[in-house]
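Participant: target.cif is the file, holding mmCIF, C-alpha atoms:
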```cif
data_entry
#
loop_
_atom_site.label_atom_id
_atom_site.label_comp_id
_atom_site.auth_asym_id
_atom_site.auth_seq_id
_atom_site.Cartn_x
_atom_site.Cartn_y
_atom_site.Cartn_z
CA MET A 281 -0.84 2.85 -17.66
CA THR A 282 0.10 3.99 -14.14
CA LYS A 283 3.74 3.96 -15.24
CA ASN A 284 2.98 6.41 -18.05
CA PHE A 285 0.89 8.58 -15.72
CA LYS A 286 3.79 8.77 -13.26
CA LYS A 287 6.22 9.62 -16.04
CA LEU A 288 3.94 12.36 -17.36
CA LYS A 289 3.43 13.78 -13.87
CA SER A 290 7.17 13.72 -13.10
CA LEU A 291 7.90 15.71 -16.27
CA HIS A 292 5.93 18.61 -14.74
CA GLU A 293 8.24 18.65 -11.72
CA LEU A 294 11.56 19.26 -13.48
CA PRO A 295 13.39 22.60 -13.73
CA ALA A 296 12.94 22.61 -17.52
CA PRO A 297 9.37 22.77 -18.83
CA LEU A 298 7.75 19.85 -20.63
CA ILE A 299 7.45 20.78 -24.32
CA LEU A 300 4.58 19.32 -26.32
CA TYR A 301 4.70 19.55 -30.10
CA ASN A 302 1.16 18.45 -30.84
CA CYS A 303 0.17 15.80 -33.39
CA TRP A 304 -3.00 15.15 -35.39
CA ASP A 305 -2.51 11.72 -37.02
CA VAL A 306 -0.27 8.66 -36.98
CA ALA A 307 2.31 10.15 -39.35
CA SER A 308 2.77 13.33 -37.30
CA ALA A 309 2.83 11.35 -34.04
CA ARG A 310 5.52 9.03 -35.37
CA ALA A 311 7.58 11.97 -36.61
CA ILE A 312 7.32 13.70 -33.22
CA GLN A 313 8.33 10.51 -31.40
CA GLN A 314 11.27 9.91 -33.74
CA GLY A 315 12.31 13.54 -33.31
CA GLY A 316 12.99 12.97 -29.62
CA ALA A 317 9.83 14.09 -27.81
CA SER A 318 9.18 12.68 -24.35
CA VAL A 319 5.37 12.77 -24.62
CA ILE A 320 2.87 12.57 -27.47
CA ALA A 321 0.03 15.11 -27.28
CA THR A 322 -2.86 15.62 -29.68
CA SER A 323 -4.44 18.87 -30.85
CA SER A 324 -8.22 18.76 -31.25
CA TYR A 325 -8.04 21.72 -33.64
CA ALA A 326 -5.51 19.99 -35.87
CA ILE A 327 -7.37 16.68 -35.86
CA ALA A 328 -10.63 18.39 -36.80
CA GLU A 329 -9.02 20.50 -39.54
CA SER A 330 -7.19 17.48 -40.95
CA LEU A 331 -10.60 15.82 -41.38
CA GLY A 332 -12.18 18.91 -42.95
CA VAL A 333 -14.15 19.87 -39.85
CA VAL A 334 -14.14 23.05 -37.76
CA ASP A 335 -12.77 22.73 -34.21
CA GLY A 336 -15.22 22.89 -31.31
CA GLU A 337 -16.58 19.34 -31.01
CA HIS A 338 -18.01 19.33 -34.53
CA LEU A 339 -16.47 15.88 -34.82
CA THR A 340 -18.29 13.12 -32.96
CA PHE A 341 -16.42 11.43 -30.14
CA ASP A 342 -16.31 8.25 -32.23
CA GLU A 343 -14.55 10.15 -35.02
CA MET A 344 -12.07 11.71 -32.61
CA PHE A 345 -11.55 8.38 -30.85
CA SER A 346 -10.79 6.66 -34.15
CA VAL A 347 -7.85 9.01 -34.74
CA ILE A 348 -6.62 8.79 -31.14
CA SER A 349 -6.79 4.99 -31.08
CA ARG A 350 -4.70 4.76 -34.26
CA ILE A 351 -2.13 7.11 -32.74
CA ALA A 352 -2.08 5.05 -29.53
CA ASP A 353 -1.40 1.89 -31.55
CA ASN A 354 1.63 3.47 -33.19
CA VAL A 355 3.53 5.23 -30.40
CA SER A 356 5.29 4.00 -27.29
CA LEU A 357 5.54 7.30 -25.41
CA PRO A 358 2.98 8.51 -22.84
CA LEU A 359 -0.07 9.82 -24.72
CA THR A 360 -2.13 12.80 -23.56
CA VAL A 361 -5.12 13.90 -25.61
CA ASP A 362 -7.20 17.03 -26.07
CA ILE A 363 -10.85 16.17 -25.40
CA GLU A 364 -12.11 19.78 -25.48
CA THR A 365 -15.05 19.81 -23.00
CA GLY A 366 -15.39 16.03 -23.04
CA TYR A 367 -17.62 15.33 -26.06
CA ALA A 368 -20.39 14.51 -23.61
CA ARG A 369 -23.86 15.78 -22.76
CA ASN A 370 -23.61 14.65 -19.16
CA LEU A 371 -21.21 13.12 -16.64
CA GLU A 372 -22.25 9.58 -17.50
CA GLU A 373 -21.26 10.07 -21.14
CA LEU A 374 -18.02 11.71 -20.03
CA ALA A 375 -17.19 8.68 -17.89
CA GLN A 376 -17.88 6.37 -20.83
CA ASN A 377 -15.60 8.40 -23.10
CA VAL A 378 -12.81 8.39 -20.52
CA GLU A 379 -13.16 4.63 -20.07
CA ARG A 380 -12.59 4.16 -23.80
CA LEU A 381 -9.52 6.40 -23.74
CA LEU A 382 -8.03 4.62 -20.75
CA ALA A 383 -8.63 1.25 -22.38
CA ILE A 384 -6.32 2.16 -25.29
CA GLY A 385 -3.55 3.48 -23.05
CA VAL A 386 -4.18 7.22 -22.84
CA CYS A 387 -2.63 8.55 -19.62
CA GLY A 388 -3.58 12.23 -19.79
CA VAL A 389 -6.33 14.56 -20.99
CA ASN A 390 -6.89 18.26 -21.55
CA VAL A 391 -10.40 19.28 -20.54
CA GLU A 392 -11.56 22.86 -20.95
CA ASP A 393 -14.18 25.00 -19.22
CA GLN A 394 -15.58 26.96 -22.15
CA LEU A 395 -19.18 26.51 -23.24
CA ILE A 396 -19.15 24.70 -26.57
CA GLY A 397 -21.80 25.92 -29.00
CA ALA A 398 -22.86 28.94 -26.93
CA ALA A 399 -24.14 31.95 -28.87
CA ASN A 400 -21.69 34.15 -26.99
CA PRO A 401 -18.31 33.12 -25.56
CA GLY A 402 -18.68 31.94 -22.01
CA LEU A 403 -17.43 29.56 -19.36
CA CYS A 404 -19.24 26.81 -17.56
CA SER A 405 -19.57 27.21 -13.81
CA THR A 406 -16.60 26.31 -11.67
CA GLU A 407 -18.77 23.68 -9.95
CA MET A 408 -19.66 22.05 -13.27
CA GLN A 409 -16.02 21.87 -14.32
CA CYS A 410 -15.04 20.43 -10.95
CA ASP A 411 -17.67 17.73 -11.39
CA LYS A 412 -16.10 16.84 -14.73
CA ILE A 413 -12.64 16.65 -13.20
CA LYS A 414 -13.89 14.45 -10.36
CA THR A 415 -15.70 12.19 -12.82
CA ILE A 416 -12.55 11.69 -14.88
CA LYS A 417 -10.47 10.86 -11.81
CA GLU A 418 -13.13 8.55 -10.39
CA THR A 419 -13.42 6.72 -13.71
CA ALA A 420 -9.69 6.06 -13.74
CA ALA A 421 -9.80 4.85 -10.12
CA LYS A 422 -12.60 2.40 -10.97
CA MET A 423 -10.36 1.00 -13.69
CA SER A 424 -7.50 0.68 -11.17
CA THR A 425 -5.37 3.24 -12.94
CA GLU A 426 -4.59 6.99 -12.95
CA ILE A 427 -4.98 9.80 -15.45
CA PHE A 428 -3.28 13.20 -15.63
CA ILE A 429 -5.78 16.04 -15.97
CA ASN A 430 -4.56 19.26 -17.55
CA ALA A 431 -7.47 21.55 -16.66
CA ARG A 432 -7.76 24.26 -19.27
CA THR A 433 -9.46 27.51 -18.37
CA ASP A 434 -10.58 29.74 -21.20
CA VAL A 435 -10.75 32.85 -19.02
CA PHE A 436 -8.18 34.45 -21.36
CA PHE A 437 -9.79 33.06 -24.53
CA GLN A 438 -13.04 34.99 -24.22
CA GLY A 439 -12.01 38.20 -25.97
CA ARG A 440 -11.64 40.19 -22.75
CA ASP A 441 -8.70 42.49 -22.02
CA GLU A 442 -5.88 40.95 -20.00
CA THR A 443 -6.11 42.38 -16.49
CA VAL A 444 -5.06 41.54 -12.95
CA ASP A 445 -8.72 40.87 -12.14
CA LEU A 446 -8.86 38.29 -14.92
CA VAL A 447 -5.75 36.63 -13.52
CA GLU A 448 -7.43 36.44 -10.11
CA GLU A 449 -10.50 34.87 -11.71
CA ALA A 450 -8.29 32.24 -13.34
CA ILE A 451 -6.45 31.61 -10.07
CA ASP A 452 -9.75 31.01 -8.28
CA ARG A 453 -10.62 28.43 -10.91
CA ALA A 454 -7.17 26.84 -10.65
CA LYS A 455 -7.59 26.45 -6.89
CA ALA A 456 -11.00 24.83 -7.31
CA TYR A 457 -9.76 22.55 -10.09
CA LYS A 458 -6.83 21.41 -7.94
CA GLU A 459 -9.21 20.60 -5.10
CA ALA A 460 -11.29 18.55 -7.55
CA GLY A 461 -8.23 16.56 -8.62
CA ALA A 462 -6.60 18.40 -11.55
CA ASP A 463 -2.85 17.91 -12.00
CA ALA A 464 -2.03 21.05 -14.05
CA ILE A 465 -3.67 24.25 -15.24
CA PHE A 466 -3.64 25.37 -18.90
CA ILE A 467 -4.16 29.08 -19.64
CA PRO A 468 -4.14 29.62 -23.42
CA GLY A 469 -4.63 33.21 -24.54
CA LEU A 470 -2.62 34.86 -21.77
CA LEU A 471 0.22 36.71 -23.53
CA SER A 472 1.53 39.34 -21.10
CA PRO A 473 4.83 38.19 -19.53
CA LYS A 474 4.00 40.21 -16.41
CA LEU A 475 0.60 38.58 -15.99
CA ILE A 476 1.92 35.10 -16.82
CA ARG A 477 4.45 35.56 -14.01
CA ALA A 478 1.71 36.77 -11.65
CA PHE A 479 -0.37 33.72 -12.50
CA VAL A 480 2.54 31.29 -12.06
CA GLU A 481 3.41 32.79 -8.68
CA LYS A 482 -0.12 32.24 -7.36
CA SER A 483 -1.08 29.03 -9.14
CA PRO A 484 -1.46 25.94 -6.93
CA LEU A 485 -0.84 23.79 -10.04
CA PRO A 486 1.94 23.50 -12.62
CA VAL A 487 1.18 26.02 -15.36
CA ASN A 488 0.79 25.20 -19.06
CA ILE A 489 1.21 28.01 -21.62
CA MET A 490 0.44 27.95 -25.34
CA MET A 491 3.53 28.82 -27.38
CA ASP A 492 2.79 31.99 -29.36
CA GLY A 493 6.26 33.03 -30.47
CA MET A 494 6.38 36.16 -28.31
CA LEU A 495 8.32 34.47 -25.51
CA SER A 496 11.02 31.83 -25.91
CA VAL A 497 11.15 28.55 -24.03
CA GLU A 498 13.99 30.04 -21.97
CA ASP A 499 11.86 33.07 -21.08
CA LEU A 500 8.95 30.88 -20.01
CA GLN A 501 11.24 28.64 -17.97
CA LYS A 502 12.59 31.68 -16.10
CA ILE A 503 9.01 32.71 -15.30
CA GLY A 504 8.33 29.24 -13.90
CA VAL A 505 6.09 27.73 -16.58
CA LYS A 506 6.15 23.92 -16.36
CA ARG A 507 4.50 22.92 -19.65
CA ILE A 508 4.57 24.50 -23.11
CA SER A 509 2.14 23.39 -25.81
CA TYR A 510 2.37 24.19 -29.50
CA GLY A 511 -1.31 23.37 -30.06
CA PRO A 512 -2.28 23.74 -33.75
CA PHE A 513 0.95 25.61 -34.57
CA SER A 514 2.66 22.33 -35.53
CA PHE A 515 -0.19 21.61 -37.96
CA PHE A 516 0.09 25.11 -39.46
CA GLN A 517 3.86 24.68 -39.88
CA ALA A 518 3.48 21.34 -41.65
CA ASN A 519 0.89 22.69 -44.05
CA LEU A 520 2.91 25.82 -44.74
CA ALA A 521 5.98 23.72 -45.54
CA ILE A 522 3.96 21.71 -48.07
CA GLN A 523 2.46 24.85 -49.60
CA ARG A 524 5.86 26.50 -49.97
CA GLU A 525 7.36 23.40 -51.56
CA VAL A 526 4.48 23.16 -54.03
CA GLU A 527 4.84 26.86 -54.85
CA ARG A 528 8.55 26.31 -55.44
CA ILE A 529 7.87 23.35 -57.71
CA PHE A 530 5.27 25.13 -59.83
CA GLU A 531 7.23 28.37 -59.98
CA GLY A 532 10.14 26.33 -61.25
CA GLY A 533 7.91 24.65 -63.79
CA ARG A 534 6.65 27.98 -65.14
CA ALA A 535 10.22 29.24 -65.37
CA LEU A 536 11.21 26.47 -67.83
#
```
Can you present the structure in this file as structure tokens?

Facilitator:
Amino acid sequence: MTKNFKKLKSLHELPAPLILYNCWDVASARAIQQGGASVIATSSYAIAESLGVVDGEHLTFDEMFSVISRIADNVSLPLTVDIETGYARNLEELAQNVERLLAIGVCGVNVEDQLIGAANPGLCSTEMQCDKIKTIKETAAKMSTEIFINARTDVFFQGRDETVDLVEEAIDRAKAYKEAGADAIFIPGLLSPKLIRAFVEKSPLPVNIMMDGMLSVEDLQKIGVKRISYGPFSFFQANLAIQREVERIFEGGRAL
């Protein structure tokens, strides 16, 4: 476990960014491993959609854990998983969930600071998120192991215009999350190359960006991004490939 944690952490310290092409089941995880990936990462969105459920912790933790445990049994690479806000009503439940993940070999988690189920988009307090980060780290320590925390802030996922002030808000959270024990900061929704660079320059943590097609891996590397996630894009690509093949088959059939 500690070995995989150290490998995952070291991959955030290289000149080239760590690229994560996210999986959602055993088949996709195996394909990604066989394709040459260095780390296996799950997408909560893709897992939920593959089970016919909307993303946003509409699955139970047991349902999510069932998928993750099957993936863990079938890959040999370090495994980092998307646990959204933790699938927990309190810190005790969060600790229990993390214990279960550690027990099957998970060495990293994404944990986000949005408010799940809120009537309007919003973020939990910085203090609350720091408590979650500390709980995750303390749980790993009690199990004599380590876990890599990719702290996701949804500052840029709240429908607000991208501004320098918003970048400063995210930087303040990144600083607090680092102090609490986070190992990286994930900022999905930030698209402006100028503001991504401004964030990277001030971030106390390695920065994770969601691939959106606007910037290439090379562009993001030049900016200083250390981790690039495909999120649900891999799931969309797989489904589109199937749809196009089926359309080709049936178009061909009608042409006969």

Participant: Between A:Ser472, A:Ser290, A:Ser324, A:Asn354, which is the closest to Arg507 in chain A once you count all atoms listed in the file?

Facilitator: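 For Arg507 in chain A, the nearest of the given residues is A:Ser290.
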
Participant: Quick one: residues within 12 Å of Ile396 in chain A, all atoms listed in the file counted, chain neighbours fewer than 3 positions away excluded, as an mmCIF file with C-alpha atoms, keeping the file's coordinate frame?

Facilitator:
```
data_model
loop_
_atom_site.group_PDB
_atom_site.id
_atom_site.type_symbol
_atom_site.label_atom_id
_atom_site.label_comp_id
_atom_site.auth_asym_id
_atom_site.auth_seq_id
_atom_site.Cartn_x
_atom_site.Cartn_y
_atom_site.Cartn_z
ATOM 1 C CA ASP A 335 -12.770 22.730 -34.210
ATOM 2 C CA GLY A 336 -15.220 22.890 -31.310
ATOM 3 C CA GLU A 337 -16.580 19.340 -31.010
ATOM 4 C CA HIS A 338 -18.010 19.330 -34.530
ATOM 5 C CA ILE A 363 -10.850 16.170 -25.400
ATOM 6 C CA GLU A 364 -12.110 19.780 -25.480
ATOM 7 C CA THR A 365 -15.050 19.810 -23.000
ATOM 8 C CA GLY A 366 -15.390 16.030 -23.040
ATOM 9 C CA TYR A 367 -17.620 15.330 -26.060
ATOM 10 C CA ALA A 368 -20.390 14.510 -23.610
ATOM 11 C CA ARG A 369 -23.860 15.780 -22.760
ATOM 12 C CA VAL A 391 -10.400 19.280 -20.540
ATOM 13 C CA GLU A 392 -11.560 22.860 -20.950
ATOM 14 C CA ASP A 393 -14.180 25.000 -19.220
ATOM 15 C CA ALA A 399 -24.140 31.950 -28.870
ATOM 16 C CA ASN A 400 -21.690 34.150 -26.990
ATOM 17 C CA PRO A 401 -18.310 33.120 -25.560
ATOM 18 C CA GLY A 402 -18.680 31.940 -22.010
ATOM 19 C CA LEU A 403 -17.430 29.560 -19.360
ATOM 20 C CA CYS A 404 -19.240 26.810 -17.560
ATOM 21 C CA ASP A 434 -10.580 29.740 -21.200
#
```

Participant: Can you list, as a list in words, the residues that the PyMOL selection byres ((chain A and resi 310) around 12) selects here?

Facilitator: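 Selected by the PyMOL selection byres ((chain A and resi 310) around 12) in this file: Tyr301, Asn302, Cys303, Trp304, Asp305, Val306, Ala307, Ser308, Ala309, Ala311, Ile312, Gln313, Gln314, Gly315, Gly316, Ala317, Val319, Ile320, Ala321, Arg350, Ile351, Ala352, Asp353, Asn354, Val355, Ser356 and Leu357 of chain A.
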
Participant: Quick one: write out the picked residues with C-alpha atoms as an mmCIF file, in the coordinates of the input?

Facilitator:
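As written to disk, result12.cif reads:
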```cif
data_model
loop_
_atom_site.group_PDB
_atom_site.id
_atom_site.type_symbol
_atom_site.label_atom_id
_atom_site.label_comp_id
_atom_site.auth_asym_id
_atom_site.auth_seq_id
_atom_site.Cartn_x
_atom_site.Cartn_y
_atom_site.Cartn_z
ATOM 1 C CA TYR A 301 4.700 19.550 -30.100
ATOM 2 C CA ASN A 302 1.160 18.450 -30.840
ATOM 3 C CA CYS A 303 0.170 15.800 -33.390
ATOM 4 C CA TRP A 304 -3.000 15.150 -35.390
ATOM 5 C CA ASP A 305 -2.510 11.720 -37.020
ATOM 6 C CA VAL A 306 -0.270 8.660 -36.980
ATOM 7 C CA ALA A 307 2.310 10.150 -39.350
ATOM 8 C CA SER A 308 2.770 13.330 -37.300
ATOM 9 C CA ALA A 309 2.830 11.350 -34.040
ATOM 10 C CA ALA A 311 7.580 11.970 -36.610
ATOM 11 C CA ILE A 312 7.320 13.700 -33.220
ATOM 12 C CA GLN A 313 8.330 10.510 -31.400
ATOM 13 C CA GLN A 314 11.270 9.910 -33.740
ATOM 14 C CA GLY A 315 12.310 13.540 -33.310
ATOM 15 C CA GLY A 316 12.990 12.970 -29.620
ATOM 16 C CA ALA A 317 9.830 14.090 -27.810
ATOM 17 C CA VAL A 319 5.370 12.770 -24.620
ATOM 18 C CA ILE A 320 2.870 12.570 -27.470
ATOM 19 C CA ALA A 321 0.030 15.110 -27.280
ATOM 20 C CA ARG A 350 -4.700 4.760 -34.260
ATOM 21 C CA ILE A 351 -2.130 7.110 -32.740
ATOM 22 C CA ALA A 352 -2.080 5.050 -29.530
ATOM 23 C CA ASP A 353 -1.400 1.890 -31.550
ATOM 24 C CA ASN A 354 1.630 3.470 -33.190
ATOM 25 C CA VAL A 355 3.530 5.230 -30.400
ATOM 26 C CA SER A 356 5.290 4.000 -27.290
ATOM 27 C CA LEU A 357 5.540 7.300 -25.410
#
```

Participant: Kindly extract all protein, DNA and RNA residues lying within 9 Å of the coordinates (-13.9, 23.8, -9.9) given in the file, considering only C-alpha atoms, and supply them as number ranges by chain.

Facilitator: A: 405-413, 452-460

Participant: Determine the residue set returned by the PyMOL selection byres ((chain A and resi 436) around 8) for the present structure, and present it as a VMD selection string.

Facilitator: chain A and resid 433 to 435 437 to 440 442 446 467 to 470

Participant: With a distance cut-off of 12 Å and all atoms listed in the file, select the neighbouring residues of Ser330 in chain A, excluding the residue or stretch itself and same-chain residues fewer than 2 positions from it, and output the selection as JSON, numbers by chain.

Facilitator: {"A": [303, 304, 305, 306, 308, 323, 324, 325, 326, 327, 328, 332, 333, 334, 335, 339, 343, 344, 347, 512, 515, 516, 518, 519]}

Participant: Work out how far CA of Ile489 in chain A is from CA of Ser509 in chain A, in Å to one decimal.

Facilitator: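 A separation of 6.3 Å between them.
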
Participant: Choose the residue, out of A:Glu329, A:Glu498, A:Glu418, A:Glu448, that has the smallest atom-to-atom separation from Glu379 in chain A; count all atoms listed in the file.

Facilitator: A:Glu418

Participant: Neighbours of Leu371 in chain A within 7 Å (all atoms listed in the file; same-chain residues fewer than 2 positions away dropped), as a ChimeraX atom specification?

Facilitator: /A:373-375,412,415

Participant: Could the residues in this selection be written to a file with C-alpha atoms, as a JSON list (two decimals), keeping the file's coordinate frame?

Facilitator:
```json
[["chain", "number", "residue", "atom", "x", "y", "z"],
["A", 373, "GLU", "CA", -21.26, 10.07, -21.14],
["A", 374, "LEU", "CA", -18.02, 11.71, -20.03],
["A", 375, "ALA", "CA", -17.19, 8.68, -17.89],
["A", 412, "LYS", "CA", -16.10, 16.84, -14.73],
["A", 415, "THR", "CA", -15.70, 12.19, -12.82]]
```

Participant: As an exercise, work out the distance from CA of Ala464 in chain A to CA of Leu331 in chain A in Å and give it to one decimal place.

Facilitator: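 Pair CA of Ala464 in chain A / CA of Leu331 in chain A returns 29.1 Å.
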
Participant: Counting all atoms listed in the file, which residues come within 10 Å of (-11.1, 9.9, -10.9), with the point read in the file's coordinates, and could you list them as number ranges by chain?

Facilitator: A: 375, 378, 412-429, 460-462

Participant: At a cut-off of 8 Å, using all atoms listed in the file, what residues contact Val497 in chain A? Leave out same-chain residues fewer than 2 positions from it and give the result as a list in words.

Facilitator: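 Near Val497 in chain A, the qualifying residues are Pro297, Leu495, Asp499, Leu500, Gln501 and Ile508 of chain A.
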
Participant: Please, what distance in Å, to one decimal, runs between CA of Asn488 in chain A and CA of Phe466 in chain A?

Facilitator: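 Separation of CA of Asn488 in chain A and CA of Phe466 in chain A: 4.4 Å.
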